[in-house]
Amino acid sequence: MFSDPGYSNGYCRPQEGGAAPEHGALRPPHRGRGRRRGRRGRSHDPADSPASGGAPRVADSEQGVEQKPPPCTDFDMAYFHSYAHLGIHEEMIKNARRGGRHYVPDRVRTETYRTAIMRHQSSIAGKVVVDVGCGTGILSIFCAQAGAKRVYAVDASDIAVQANEVVKANNLSDTVIVLHGRVEDVEIDEEVDVIISEWMGYLLLYESMLGSVITARDRWLKPGGLILPSNATLYMAPVTHSDRYSDSIDFWRNVYGIDMSAMLPLAKQCAFEEPCIETISGENVLTWPHVVKHVDCYTVTLGELESVTTKYKFKSMMRAPLHGFAFWFDVEFNGPATSPTSNQVSSSFIESSNNQSTDVSQRKKRANPSEALVLSTAPEDPPTHWQQVSVALSFSQLVGF
């Protein structure tokens with residue numbers, strides 16, 4: 001499609017001599033499964049500019065009018081390299097883990113995105129789309145199938161090479177242009193109508209790619225353009241988890257008839273030193289959830305993500321030991337007209353008469369709330385590969401309760 005040797009069938013590979021990701025994986029919160037989340041669209045090597053033909057030119061990143069993008073760090077490179085492993089993408093598309101070990105078919109994530117694309121088809125057909133952190137390219141292909149005029153599939157990981165082959169195998173090279181590089185570095189010589197990204201990480205923001213979505217929005221999105229998903233909400237609630245406590249700590253009191261209680265202090269230290277990604281049953285949740293952070297993808301800034309704090313007061317709805325807090329999130333797929341306004345997002349928390357803490361920003365403007373398309377990772381909803389994140393509390397932390 002392009003005559004330039006750096007491009008083939010819409011694929012833009014990094015310049016030779018660019019830094020290559022080194023081997024090594026970054027350690028996420030503790031859990032018994034493969035790592036996920038941090039994001040591929042966030043960084044990449046500068047891209048060569050294509051010669052004439054077919055799709056618009058992707059220019060060198062030497063625009064003097066733009067602020068110089070941040071350098072690609074060793075952390076970024078190791079992260080991008082980890083996303084070149086096919087197993088991570090198989091997990092995100094194919095399966096969700098339930099009960100720590102067993103996999104069940106998980107169509108929640110991918111089918112929700114496909115449904116969102118088809119629901120907004122009128123905003124996608126004939127329009128220009130950017131897929132931030134495209135991975136295997138599945139969302140880019142969904143957009144092409146929905147009639148997009150052109151889709152820029154951006155990913156800093158080497159999985160972009162395979163994504164380009166997938167695009168070619170599906171005869172979509174004239175529509176989907178795979179750009180191997182960071183969103184901060186690649187150049188797209190036109191405004192876009194739609195940004196789509198599966199950017200969410202554990203705890204919504206852990207290793208998330210939201211910063212890349214913000215960058216893409218500020219660089220290329222037309223006024224009134226569409227962002228999918230449009231907003232996200234992080235929740236927390238106190239939980240009781242006696243089974244896990246017993247499995248992780250009390251287990252050491254008697255191991256095959258041997259007194260190993262000397263291991264208890266170390267077991268407690270290990271249990272409390274880091275978050276755990278696991279499946280939490282709704283029966284373990286002690287109160288109604290509290291909104292920690294609401295994100296409006298149309299207005300959120302990078303500064304808002306530097307620190308997230310909240311105040312929380314609760315009263316348990318049952319008599320049970322408190323072992324820690326669980327976190328989960330949901331995202332919605334609305335157009336800009338139905339997204340909360342910026343003043344709603346920054347509103348303070350209010351306390352309802354029944355001690356259920358809620359956030360006024362949840363009162364989203366919708367013509368019909370029942371029609372909202374939501375991807376939820378809540379304990380009571382179908383499992384996803386995100387599961388929930390639990391933070392255990394040590395005895396010293398519990399003294400204050």
# chains A, B, ... in the order shown; residues from 1 in each chain; ligands from 1

call {"tool": "select_by_dssp", "arguments": {"residues": "segment 143-278 of chain A", "states": "alpha helix (DSSP H)", "output": "VMD selection string"}}
result
chain A and resid 143 to 145 159 to 169 210 to 220 242 to 248 264 to 272

call {"tool": "residues_around", "arguments": {"residues": "segment 316-322 of chain A", "least_positions_apart": "4", "cutoff": "10 Å", "atoms": "only C-alpha atoms", "output": "number ranges by chain"}}
result
A: 237-242, 284-288, 355, 392-393, 398, 401

call {"tool": "residues_around", "arguments": {"residues": "Ile141 of chain A", "least_positions_apart": "3", "cutoff": "8 Å", "atoms": "only C-alpha atoms", "output": "list in words"}}
result
Gly137, Ile138, Ala144, Gln145, Val167, Leu172 and Val176 of chain A

call {"tool": "closest_residue", "arguments": {"among": "A:Val331, A:Ala326, A:Ile195, A:Leu139", "to": "Thr279 of chain A", "atoms": "only C-alpha atoms"}}
result
A:Ala326

call {"tool": "closest_residue", "arguments": {"among": "A:Val192, A:Val213, A:Ala160, A:Leu203", "to": "Thr377 of chain A", "atoms": "only C-alpha atoms"}}
result
A:Leu203

call {"tool": "atom_distance", "arguments": {"atom1": "atom CA of Ser281 of chain A", "atom2": "atom CA of Phe314 of chain A"}}
result
19.2 Å

call {"tool": "atom_distance", "arguments": {"atom1": "atom CA of Pro336 of chain A", "atom2": "atom CA of Leu375 of chain A"}}
result
17.7 Å

call {"tool": "select_by_dssp", "arguments": {"residues": "segment 134-204 of chain A", "states": "strand (DSSP E or B)", "output": "list in words"}}
result
Ala148, Arg150, Val151, Tyr152, Ala153, Val154, Asp155, Val176, Ile177, Val178, Leu179, His180, Val192, Asp193, Val194, Ile195, Ile196, Gly201, Tyr202 and Leu204 of chain A

call {"tool": "closest_residue", "arguments": {"among": "A:Val151, A:Tyr312, A:Glu207, A:Thr115", "to": "Val292 of chain A", "atoms": "only C-alpha atoms"}}
result
A:Tyr312

call {"tool": "closest_residue", "arguments": {"among": "A:Phe142, A:Tyr245, A:Tyr235, A:Tyr256", "to": "Pro379 of chain A", "atoms": "only C-alpha atoms"}}
result
A:Tyr235

call {"tool": "closest_atom_pairs", "arguments": {"of": "segment 288-346 of chain A", "to": "segment 216-223 of chain A", "cutoff": "10 Å", "atoms": "only C-alpha atoms", "output": "tab-separated table"}}
result
residue	atom	partner	partner_atom	distance
A:Cys297	CA	A:Arg217	CA	8.8
A:Tyr298	CA	A:Arg217	CA	7.9
A:Thr299	CA	A:Arg217	CA	9.6
A:Thr301	CA	A:Asp218	CA	9.7
A:Pro336	CA	A:Pro223	CA	9.8
